[in-house]
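Source file run23.tsv; content: TSV, C-alpha atoms.
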chain	number	residue	atom	x	y	z
A	18	MET	CA	-50.94	-57.64	10.16
A	19	SER	CA	-51.34	-60.26	7.46
A	20	PHE	CA	-52.96	-59.38	4.16
A	21	THR	CA	-54.96	-61.58	1.81
A	22	ALA	CA	-54.50	-62.20	-1.89
A	23	LEU	CA	-57.54	-60.00	-2.54
A	24	ASP	CA	-55.97	-57.19	-0.48
A	25	SER	CA	-52.88	-57.41	-2.70
A	26	GLN	CA	-55.01	-57.38	-5.82
A	27	TYR	CA	-56.84	-54.21	-4.79
A	28	MET	CA	-53.62	-52.46	-3.75
A	29	ALA	CA	-51.99	-53.40	-7.06
A	30	LEU	CA	-54.89	-51.68	-8.81
A	31	ALA	CA	-54.43	-48.59	-6.62
A	32	ILE	CA	-50.75	-48.48	-7.63
A	33	GLN	CA	-51.69	-48.68	-11.30
A	34	LEU	CA	-54.17	-45.84	-10.80
A	35	ALA	CA	-51.47	-43.71	-9.16
A	36	LYS	CA	-49.30	-44.12	-12.28
A	37	LYS	CA	-51.94	-42.29	-14.31
A	38	GLY	CA	-50.71	-39.09	-12.68
A	39	TRP	CA	-47.06	-39.86	-13.38
A	40	PHE	CA	-46.33	-36.66	-15.31
A	41	THR	CA	-48.86	-34.30	-13.73
A	42	THR	CA	-48.94	-34.46	-9.92
A	43	ARG	CA	-45.75	-32.59	-9.13
A	44	SER	CA	-45.04	-31.23	-6.57
A	45	ASN	CA	-47.45	-33.62	-4.87
A	46	PRO	CA	-46.97	-37.39	-4.71
A	47	ARG	CA	-48.59	-39.85	-7.11
A	48	VAL	CA	-51.41	-41.58	-5.22
A	49	GLY	CA	-54.14	-44.06	-6.13
A	50	CYS	CA	-57.18	-45.26	-4.17
A	51	VAL	CA	-59.64	-48.14	-4.55
A	52	LEU	CA	-62.86	-48.52	-2.52
A	53	VAL	CA	-64.15	-52.04	-2.00
A	54	LYS	CA	-67.40	-53.20	-0.38
A	55	ASN	CA	-68.59	-56.80	-0.19
A	56	GLN	CA	-65.63	-57.80	-2.38
A	57	GLN	CA	-66.84	-55.45	-5.11
A	58	ILE	CA	-64.91	-52.41	-6.33
A	59	ILE	CA	-67.27	-49.48	-5.90
A	60	GLY	CA	-64.92	-46.51	-6.48
A	61	GLN	CA	-61.56	-45.68	-8.01
A	62	GLY	CA	-59.51	-42.50	-8.04
A	63	TRP	CA	-56.05	-41.03	-8.41
A	64	HIS	CA	-54.42	-37.69	-7.81
A	65	GLN	CA	-54.27	-35.82	-11.10
A	66	LYS	CA	-52.64	-32.48	-10.30
A	67	ALA	CA	-51.46	-30.44	-7.33
A	68	GLY	CA	-54.34	-28.26	-6.16
A	69	LEU	CA	-57.01	-30.67	-7.39
A	70	ALA	CA	-58.78	-33.36	-5.36
A	71	HIS	CA	-56.66	-36.14	-3.93
A	72	ALA	CA	-57.07	-39.82	-4.83
A	73	GLU	CA	-59.33	-40.64	-1.87
A	74	ILE	CA	-61.73	-37.80	-2.67
A	75	ASN	CA	-61.91	-38.85	-6.32
A	76	ALA	CA	-62.56	-42.47	-5.36
A	77	ILE	CA	-65.37	-41.48	-2.99
A	78	GLN	CA	-66.93	-39.27	-5.64
A	79	ASP	CA	-66.60	-42.06	-8.23
A	80	ALA	CA	-68.50	-44.42	-5.93
A	81	ILE	CA	-71.24	-41.87	-5.28
A	82	ASP	CA	-71.55	-41.05	-8.99
A	83	ASN	CA	-72.12	-44.74	-9.67
A	84	GLY	CA	-74.83	-45.03	-7.02
A	85	HIS	CA	-72.83	-46.78	-4.29
A	86	ASP	CA	-73.00	-46.21	-0.54
A	87	VAL	CA	-69.43	-45.79	0.71
A	88	ALA	CA	-70.30	-46.48	4.37
A	89	GLY	CA	-68.68	-49.72	5.51
A	90	ALA	CA	-66.25	-49.91	2.59
A	91	THR	CA	-62.52	-50.61	2.75
A	92	ALA	CA	-60.19	-48.04	1.20
A	93	TYR	CA	-56.91	-49.19	-0.35
A	94	VAL	CA	-54.57	-46.21	-0.68
A	95	THR	CA	-50.97	-46.16	-1.90
A	96	LEU	CA	-50.00	-43.46	0.63
A	97	GLU	CA	-51.26	-42.65	4.10
A	98	PRO	CA	-54.25	-40.26	3.84
A	99	CYS	CA	-53.15	-36.71	4.54
A	100	ALA	CA	-54.05	-35.15	7.89
A	101	HIS	CA	-53.45	-31.47	7.14
A	102	GLN	CA	-55.38	-28.72	5.41
A	103	GLY	CA	-53.60	-27.71	2.23
A	104	LYS	CA	-55.17	-26.59	-1.03
A	105	THR	CA	-57.67	-29.39	-0.40
A	106	PRO	CA	-59.22	-30.69	2.87
A	107	PRO	CA	-57.58	-33.58	4.77
A	108	CYS	CA	-58.28	-36.93	3.12
A	109	ALA	CA	-58.36	-38.67	6.51
A	110	LEU	CA	-61.30	-36.45	7.44
A	111	ALA	CA	-63.05	-37.17	4.13
A	112	LEU	CA	-62.75	-40.93	4.72
A	113	LYS	CA	-64.08	-40.46	8.25
A	114	GLN	CA	-67.07	-38.48	6.98
A	115	ALA	CA	-67.72	-41.13	4.31
A	116	LYS	CA	-67.91	-43.70	7.15
A	117	VAL	CA	-65.54	-46.21	5.63
A	118	ALA	CA	-64.93	-49.22	7.86
A	119	LYS	CA	-61.24	-49.79	7.13
A	120	VAL	CA	-58.27	-48.09	5.50
A	121	ILE	CA	-55.26	-50.03	4.24
A	122	CYS	CA	-52.35	-47.92	2.98
A	123	ALA	CA	-49.19	-49.15	1.35
A	124	MET	CA	-46.91	-46.76	3.21
A	125	LEU	CA	-46.95	-44.06	5.85
A	126	ASP	CA	-46.44	-40.38	5.02
A	127	PRO	CA	-42.66	-40.04	4.45
A	128	ASN	CA	-42.58	-36.68	6.24
A	129	PRO	CA	-41.35	-37.65	9.73
A	130	LEU	CA	-43.23	-34.69	11.24
A	131	VAL	CA	-46.62	-35.96	10.11
A	132	SER	CA	-46.13	-39.70	9.59
A	133	GLY	CA	-48.92	-41.67	11.24
A	134	LYS	CA	-51.16	-38.70	11.94
A	135	GLY	CA	-53.57	-39.55	9.14
A	136	LEU	CA	-54.05	-43.05	10.52
A	137	ASP	CA	-54.41	-41.61	14.04
A	138	ILE	CA	-57.40	-39.52	12.92
A	139	LEU	CA	-59.02	-42.61	11.43
A	140	GLN	CA	-58.31	-44.82	14.44
A	141	GLN	CA	-59.76	-42.24	16.83
A	142	SER	CA	-62.94	-42.39	14.76
A	143	GLY	CA	-63.20	-46.16	15.15
A	144	ILE	CA	-61.94	-46.93	11.63
A	145	ALA	CA	-59.62	-49.95	11.39
A	146	THR	CA	-56.25	-49.21	9.78
A	147	ALA	CA	-53.26	-51.11	8.47
A	148	TYR	CA	-50.18	-50.26	6.43
A	149	GLY	CA	-47.24	-51.95	4.71
A	150	LEU	CA	-49.08	-53.74	1.90
A	151	GLN	CA	-46.87	-53.57	-1.23
A	152	GLN	CA	-44.84	-50.80	0.38
A	153	GLU	CA	-41.82	-51.25	-1.88
A	154	GLN	CA	-43.94	-50.88	-5.02
A	155	ALA	CA	-45.62	-47.80	-3.55
A	156	GLU	CA	-42.27	-46.23	-2.70
A	157	GLN	CA	-41.23	-46.61	-6.34
A	158	LEU	CA	-44.08	-44.28	-7.28
A	159	ASN	CA	-42.52	-41.31	-5.49
A	160	PRO	CA	-38.75	-41.61	-4.88
A	161	GLY	CA	-38.23	-37.87	-5.31
A	162	PHE	CA	-41.11	-36.89	-3.04
A	163	ILE	CA	-39.90	-39.31	-0.36
A	164	LYS	CA	-36.36	-37.94	-0.51
A	165	ARG	CA	-37.60	-34.34	-0.29
A	166	MET	CA	-39.79	-35.12	2.71
A	167	VAL	CA	-37.04	-37.00	4.54
A	168	THR	CA	-33.93	-34.94	3.69
A	169	GLY	CA	-35.13	-31.57	2.42
A	170	LEU	CA	-33.39	-32.20	-0.91
A	171	PRO	CA	-34.82	-33.28	-4.28
A	172	ARG	CA	-33.75	-36.48	-5.97
A	173	VAL	CA	-31.17	-35.75	-8.69
A	174	THR	CA	-30.77	-37.84	-11.83
A	175	ALA	CA	-27.82	-37.08	-14.09
A	176	LYS	CA	-28.49	-37.91	-17.73
A	177	VAL	CA	-25.54	-38.35	-20.08
A	178	ALA	CA	-25.14	-39.53	-23.66
A	179	ILE	CA	-21.78	-41.16	-24.32
A	180	SER	CA	-19.86	-43.15	-26.88
A	181	VAL	CA	-18.49	-46.61	-26.11
A	182	ASP	CA	-15.19	-44.97	-25.13
A	183	GLY	CA	-16.99	-42.76	-22.62
A	184	ARG	CA	-17.01	-39.47	-24.51
A	185	THR	CA	-19.85	-36.94	-24.45
A	186	ALA	CA	-18.64	-34.35	-26.97
A	187	MET	CA	-15.84	-33.68	-29.40
A	188	ALA	CA	-12.97	-31.46	-28.32
A	189	ASN	CA	-14.70	-28.47	-29.95
A	190	GLY	CA	-17.88	-29.15	-27.95
A	191	GLN	CA	-19.87	-30.73	-30.77
A	192	SER	CA	-22.26	-33.34	-29.34
A	193	GLN	CA	-25.40	-33.48	-31.53
A	194	TRP	CA	-26.27	-36.22	-32.00
A	195	ILE	CA	-24.38	-38.98	-30.21
A	196	THR	CA	-27.43	-41.18	-29.68
A	197	GLY	CA	-30.37	-42.08	-31.91
A	198	SER	CA	-33.99	-40.96	-31.95
A	199	ALA	CA	-35.25	-43.65	-29.53
A	200	ALA	CA	-32.78	-42.56	-26.83
A	201	ARG	CA	-33.64	-38.90	-27.37
A	202	ALA	CA	-37.35	-39.70	-27.05
A	203	ASP	CA	-36.63	-41.46	-23.76
A	204	VAL	CA	-34.96	-38.28	-22.51
A	205	GLN	CA	-38.20	-36.44	-23.24
A	206	ARG	CA	-39.91	-38.82	-20.81
A	207	LEU	CA	-37.26	-38.11	-18.16
A	208	ARG	CA	-37.84	-34.38	-18.57
A	209	ALA	CA	-41.60	-34.79	-18.42
A	210	GLU	CA	-41.48	-36.59	-15.07
A	211	SER	CA	-39.05	-34.09	-13.52
A	212	GLY	CA	-39.94	-30.95	-11.63
A	213	ALA	CA	-36.82	-29.16	-12.87
A	214	VAL	CA	-34.17	-29.57	-15.57
A	215	LEU	CA	-30.76	-28.32	-14.44
A	216	THR	CA	-27.95	-27.33	-16.79
A	217	GLY	CA	-24.89	-25.14	-16.92
A	218	SER	CA	-23.88	-22.04	-18.83
A	219	GLY	CA	-21.40	-23.98	-20.98
A	220	THR	CA	-24.12	-26.25	-22.34
A	221	VAL	CA	-26.43	-23.31	-23.04
A	222	ILE	CA	-23.72	-21.32	-24.82
A	223	MET	CA	-22.38	-24.25	-26.85
A	224	ASP	CA	-25.64	-26.01	-27.82
A	225	ASN	CA	-28.32	-23.33	-27.25
A	226	PRO	CA	-30.82	-26.06	-26.22
A	227	SER	CA	-34.51	-25.58	-25.44
A	228	MET	CA	-34.53	-28.12	-22.57
A	229	ASN	CA	-38.32	-28.42	-22.78
A	230	VAL	CA	-40.64	-31.38	-23.31
A	231	ARG	CA	-41.55	-31.71	-26.96
A	232	GLU	CA	-43.23	-35.14	-27.20
A	233	LEU	CA	-46.93	-34.74	-28.03
A	234	THR	CA	-47.98	-37.68	-25.84
A	235	PHE	CA	-46.99	-35.74	-22.73
A	236	LEU	CA	-48.48	-32.47	-23.90
A	237	GLU	CA	-51.91	-33.96	-24.62
A	238	ASP	CA	-52.71	-34.17	-20.89
A	239	LYS	CA	-54.42	-30.92	-19.89
A	240	HIS	CA	-52.78	-31.12	-16.46
A	241	PHE	CA	-49.22	-31.33	-17.78
A	242	LYS	CA	-46.92	-28.36	-17.33
A	243	GLN	CA	-43.36	-27.85	-18.47
A	244	PRO	CA	-40.69	-28.47	-15.84
A	245	LEU	CA	-38.78	-25.54	-14.42
A	246	ARG	CA	-35.56	-24.90	-16.35
A	247	VAL	CA	-32.57	-23.96	-14.20
A	248	VAL	CA	-29.33	-22.55	-15.61
A	249	VAL	CA	-26.23	-22.35	-13.41
A	250	ASP	CA	-24.28	-19.33	-14.65
A	251	SER	CA	-21.78	-18.15	-12.04
A	252	GLN	CA	-20.00	-15.73	-14.39
A	253	GLY	CA	-23.05	-14.17	-16.07
A	254	LEU	CA	-22.21	-15.50	-19.54
A	255	VAL	CA	-25.65	-16.57	-20.79
A	256	ASP	CA	-27.43	-14.13	-23.08
A	257	SER	CA	-31.05	-13.15	-22.50
A	258	ASP	CA	-32.12	-14.44	-25.93
A	259	ALA	CA	-31.03	-18.04	-25.28
A	260	LYS	CA	-33.61	-20.56	-26.49
A	261	ILE	CA	-33.95	-22.04	-23.02
A	262	PHE	CA	-35.59	-18.80	-21.84
A	263	GLU	CA	-38.01	-18.59	-24.78
A	264	GLN	CA	-39.96	-21.76	-24.01
A	265	GLU	CA	-43.28	-22.13	-22.25
A	266	GLY	CA	-42.96	-22.18	-18.45
A	267	MET	CA	-40.60	-20.62	-15.93
A	268	SER	CA	-36.81	-20.56	-15.76
A	269	TRP	CA	-34.28	-19.77	-13.06
A	270	LEU	CA	-30.96	-18.13	-13.91
A	271	VAL	CA	-28.71	-18.92	-10.96
A	272	SER	CA	-25.65	-16.70	-10.63
A	273	ALA	CA	-23.08	-15.58	-8.08
A	274	ASN	CA	-24.07	-11.93	-8.54
A	275	GLN	CA	-27.23	-10.12	-9.54
A	276	SER	CA	-27.31	-9.78	-13.32
A	277	ASN	CA	-27.76	-6.40	-15.02
A	278	LYS	CA	-29.05	-8.03	-18.20
A	279	GLU	CA	-32.71	-7.83	-19.17
A	280	TYR	CA	-34.31	-11.25	-19.29
A	281	PRO	CA	-37.86	-12.31	-20.24
A	282	ALA	CA	-40.51	-12.01	-17.53
A	283	THR	CA	-40.55	-15.81	-17.17
A	284	VAL	CA	-36.90	-15.80	-15.98
A	285	ILE	CA	-36.17	-15.42	-12.26
A	286	ASN	CA	-32.60	-14.40	-11.40
A	287	LYS	CA	-31.42	-16.24	-8.28
A	288	VAL	CA	-28.19	-15.30	-6.50
A	289	ILE	CA	-26.95	-18.38	-4.65
A	290	ALA	CA	-23.23	-17.86	-4.17
A	291	ALA	CA	-20.71	-19.92	-2.22
A	292	SER	CA	-17.67	-18.38	-0.52
A	293	THR	CA	-15.59	-19.49	-3.49
A	294	GLY	CA	-17.52	-17.16	-5.79
A	295	LYS	CA	-19.15	-20.11	-7.52
A	296	ILE	CA	-22.71	-21.37	-7.10
A	297	ASP	CA	-23.59	-23.11	-3.84
A	298	LEU	CA	-25.06	-26.20	-5.48
A	299	LYS	CA	-26.48	-27.75	-2.32
A	300	ALA	CA	-28.16	-24.46	-1.40
A	301	LEU	CA	-29.62	-24.40	-4.91
A	302	LEU	CA	-31.08	-27.88	-4.41
A	303	ILE	CA	-32.52	-26.86	-1.05
A	304	GLU	CA	-34.18	-23.87	-2.70
A	305	LEU	CA	-35.61	-26.13	-5.41
A	306	ALA	CA	-36.96	-28.48	-2.74
A	307	ASN	CA	-38.53	-25.53	-0.92
A	308	ALA	CA	-40.20	-24.61	-4.21
A	309	GLY	CA	-41.78	-28.08	-4.31
A	310	VAL	CA	-39.41	-29.77	-6.75
A	311	ASN	CA	-39.21	-33.51	-6.06
A	312	ASP	CA	-37.05	-34.60	-8.99
A	313	VAL	CA	-34.24	-32.76	-10.77
A	314	LEU	CA	-32.89	-33.93	-14.12
A	315	LEU	CA	-29.27	-32.86	-14.55
A	316	GLU	CA	-28.46	-32.35	-18.25
A	317	ALA	CA	-25.08	-30.70	-18.20
A	318	GLY	CA	-21.47	-30.84	-19.28
A	319	ALA	CA	-18.46	-32.34	-17.57
A	320	GLY	CA	-17.90	-29.35	-15.27
A	321	LEU	CA	-21.32	-29.24	-13.58
A	322	ASN	CA	-21.65	-33.03	-13.66
A	323	GLY	CA	-18.31	-33.37	-11.88
A	324	ALA	CA	-19.11	-30.71	-9.27
A	325	MET	CA	-22.47	-32.30	-8.46
A	326	LEU	CA	-20.94	-35.77	-8.19
A	327	GLN	CA	-18.01	-34.65	-6.05
A	328	GLN	CA	-20.37	-32.92	-3.62
A	329	GLY	CA	-22.52	-36.05	-3.29
A	330	LEU	CA	-25.58	-34.39	-4.81
A	331	VAL	CA	-26.41	-36.97	-7.50
A	332	ASP	CA	-28.60	-39.96	-6.64
A	333	GLN	CA	-28.86	-41.67	-10.01
A	334	ILE	CA	-27.05	-41.62	-13.34
A	335	ILE	CA	-28.75	-42.65	-16.58
A	336	VAL	CA	-26.24	-43.29	-19.34
A	337	TYR	CA	-27.27	-43.57	-22.99
A	338	MET	CA	-24.39	-45.37	-24.71
A	339	ALA	CA	-24.10	-45.15	-28.49
A	340	PRO	CA	-22.14	-47.69	-30.59
A	341	LYS	CA	-19.51	-45.13	-31.55
A	342	LEU	CA	-15.88	-44.36	-30.82
A	343	MET	CA	-15.17	-40.63	-30.53
A	344	GLY	CA	-11.46	-40.69	-29.78
A	345	ASN	CA	-9.19	-39.71	-26.92
A	346	ALA	CA	-9.37	-35.96	-27.67
A	347	ALA	CA	-13.14	-35.90	-27.06
A	348	ARG	CA	-14.62	-34.82	-23.73
A	349	GLY	CA	-15.52	-37.12	-20.84
A	350	LEU	CA	-18.79	-37.12	-18.92
A	351	ALA	CA	-17.53	-35.50	-15.71
A	352	HIS	CA	-14.53	-33.59	-14.43
A	353	LEU	CA	-13.43	-35.73	-11.49
A	354	PRO	CA	-9.79	-34.97	-10.58
A	355	PHE	CA	-9.18	-38.27	-8.84
A	356	THR	CA	-5.61	-39.50	-8.41
A	357	ASP	CA	-6.21	-42.73	-6.47
A	358	ILE	CA	-8.47	-45.70	-7.18
A	359	ASN	CA	-9.88	-45.38	-3.68
A	360	GLN	CA	-11.41	-42.04	-4.68
A	361	ALA	CA	-13.59	-43.67	-7.34
A	362	LEU	CA	-17.34	-43.32	-6.93
A	363	ALA	CA	-19.17	-46.62	-6.53
A	364	LEU	CA	-22.20	-47.19	-8.74
A	365	ASP	CA	-24.88	-49.86	-8.56
A	366	LEU	CA	-26.23	-50.95	-11.95
A	367	THR	CA	-30.02	-51.29	-11.53
A	368	ASP	CA	-31.34	-51.45	-15.09
A	369	VAL	CA	-30.15	-52.18	-18.64
A	370	ARG	CA	-32.24	-51.87	-21.76
A	371	GLN	CA	-31.70	-51.41	-25.49
A	372	LEU	CA	-33.16	-48.46	-27.37
A	373	ASP	CA	-32.68	-49.26	-31.05
A	374	HIS	CA	-28.90	-49.21	-31.50
A	375	ASP	CA	-28.20	-47.52	-28.15
A	376	ILE	CA	-28.08	-48.98	-24.65
A	377	ARG	CA	-29.53	-47.28	-21.58
A	378	LEU	CA	-27.74	-48.00	-18.30
A	379	THR	CA	-29.21	-46.89	-14.98
A	380	PHE	CA	-26.91	-46.56	-11.97
A	381	GLN	CA	-27.55	-45.63	-8.37
A	382	VAL	CA	-24.68	-43.69	-6.80
A	383	THR	CA	-23.80	-45.78	-3.75
A	384	SER	CA	-20.80	-43.89	-2.35
A	385	HIS	CA	-19.64	-40.31	-2.31
If you convert what's in this file into structure tokens, what do you get?
Amino acid sequence: MSFTALDSQYMALAIQLAKKGWFTTRSNPRVGCVLVKNQQIIGQGWHQKAGLAHAEINAIQDAIDNGHDVAGATAYVTLEPCAHQGKTPPCALALKQAKVAKVICAMLDPNPLVSGKGLDILQQSGIATAYGLQQEQAEQLNPGFIKRMVTGLPRVTAKVAISVDGRTAMANGQSQWITGSAARADVQRLRAESGAVLTGSGTVIMDNPSMNVRELTFLEDKHFKQPLRVVVDSQGLVDSDAKIFEQEGMSWLVSANQSNKEYPATVINKVIAASTGKIDLKALLIELANAGVNDVLLEAGAGLNGAMLQQGLVDQIIVYMAPKLMGNAARGLAHLPFTDINQALALDLTDVRQLDHDIRLTFQVTSH
């Protein structure tokens, strides 16, 4: 189906509305909706938080609150209206009951088990449907959600701060601070948009980090909640009074054996062991996905970074490069015991930007 310039304009607005829930909708997708009747926008809405009304419901209510009759309107939605009963009723049914005339969605539901069912409900009710308008832009709203729906795994972004010579810490482990304040503030944004922050016992023991979101701009939204903090600790080395366990929100301590230590009530001890006696990292990611985590931010040392990369579990790497030289004795960003150039991991550079004196490089991992 061909779309008009006005169709594109309304869908672009729906995408902008969806971005208003960028830090708050997890584990649900970010979705926006615009209702148009007689070439006039009569209602707008976006999904604000899991468990609250979806974008379509909010747009319908917005139209009603402003005295508009929704019957006969066209709905522009960034994601196919849901067809199942969750914490809220199906949006496809709500649009049917509102008697809209047409629904245009940017993309189908990424879950292959339900894709197209929302549009089927509408079509069976005599409502015209179309999809594919600005699909690429809509997909960029929810890369983690799409990956979880399609593969059963969350999207993993590894964040590293390095010197120009590729070092992340001195030989004694000292790493604070390689980068400047602008880069560190950008990391706060990465944490805020992630469902979980994953780190290793070495980082916790050496740096005793909080791994929480501390930027006020994120905390001002009443719907924002701290991401889950996940510590991989196969040998049971992390103490119960580590700062990472003292912050607001929940934490997972993932070990190879059940710990006998007493941890705060907000800490859940998970035993996810591989046959090697180490942590089964893929099984951990599957468990995070089952808990509704779309995006994982990996903030770890060379050991965990290397293990995740070697097992093909990292989708994206964000490198903050500082204009410093730390020397050949300092630590690298990942333990990768390659001996041949053909073993090298291929990366696709997708974004470069300057943050004060530092440079942020974004790479997609293209081969494993």
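Taking CA of Ala88 in chain A and CA of Val53 in chain A as endpoints, the distance between them is 10.5 Å.
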Practice problem: Would you list the contacts of range 144-157 of chain A as JSON, numbers by chain, taking every protein, DNA or RNA residue within 8 Å and counting only C-alpha atoms, but skipping same-chain residues closer than 2 positions in sequence? | Solution: {"A": [18, 20, 25, 28, 29, 32, 95, 96, 113, 117, 118, 119, 120, 121, 122, 123, 124, 125, 136, 139, 140, 141, 142, 159, 160, 163]}
Exercise. Measuring atom to atom with all atoms listed in the file, identify which of A:Ile285, A:Ala92, A:Val204, A:Ala273 is nearest to Ser257 in chain A.
Key: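 Result for the nearest residue to Ser257 in chain A: A:Ile285.
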Self-check item: Nearest to Ile58 in chain A by atom-to-atom distance, counting all atoms listed in the file, from A:Ala209, A:Leu315, A:Val310, A:Val87
Solution: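 For Ile58 in chain A, the nearest of the candidates is A:Val87.
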Quiz item: If you measure from CA of Ser268 in chain A to CA of Asp203 in chain A, what distance in Å do you get, rounded to one decimal?
Solution: 22.4 Å
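Distances to Ser272 in chain A were evaluated for A:Leu254, A:Val94, A:Ala200, A:Ala109 using all atoms listed in the file, and the minimum falls at A:Leu254.
For the atom pair formed by CA of Ile289 in chain A and CA of Asn322 in chain A, the distance is 18.0 Å, given to one decimal.
Residue nearest Ala35 in chain A, chosen from A:Pro98, A:Gly183, A:Gly133, A:Gly62 and counting only C-alpha atoms: A:Gly62.
Counting all atoms listed in the file and comparing A:Val230, A:Val177, A:Val214, A:Leu372, the residue that lies closest to Trp269 in chain A is A:Val214.
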Step by step, gather every atom of range 367-371 of chain A that the file lists, find the box along x, y and z that holds them, add 3 Å on each side, and finally give centre and edge lengths in Å to one decimal, as lines of an AutoDock Vina configuration file.
center_x = -31.1
center_y = -51.7
center_z = -18.5
size_x = 8.2
size_y = 6.9
size_z = 20.0
Quiz item: Neighbours of Ala70 in chain A within 12 Å (only C-alpha atoms; same-chain residues fewer than 2 positions away dropped), as a ChimeraX atom specification?
Solution: /A:42,45,48-49,62-68,72-78,99,103-108,111
Practice problem: Tell me which of A:Val221, A:Ala80, A:Asp86, A:Leu158 sits closest to Gln33 in chain A, counting all atoms listed in the file. | Solution: A:Leu158
Quiz item: range 193-197 of chain A: which residues within 12 Å, counting all atoms listed in the file, same-chain residues fewer than 6 positions away excluded, as a count of residues only?
Solution: 32
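For Gly318 in chain A, the residues within 8 Å (counting all atoms listed in the file, excluding itself and residues fewer than 2 positions away along the chain) are Thr216, Gly217, Gly219, Thr220, Glu316, Gly320, Leu321, Asn322, Leu350 and Ala351 of chain A.
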Quiz prompt | Residue contacts of Glu263 in chain A (10 Å, all atoms listed in the file) excluding same-chain residues fewer than 6 positions away, as a list in words | solution =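 Surrounding residues, per the criterion: Ser227, Ser257, Tyr280, Pro281, Thr283 and Val284 of chain A.
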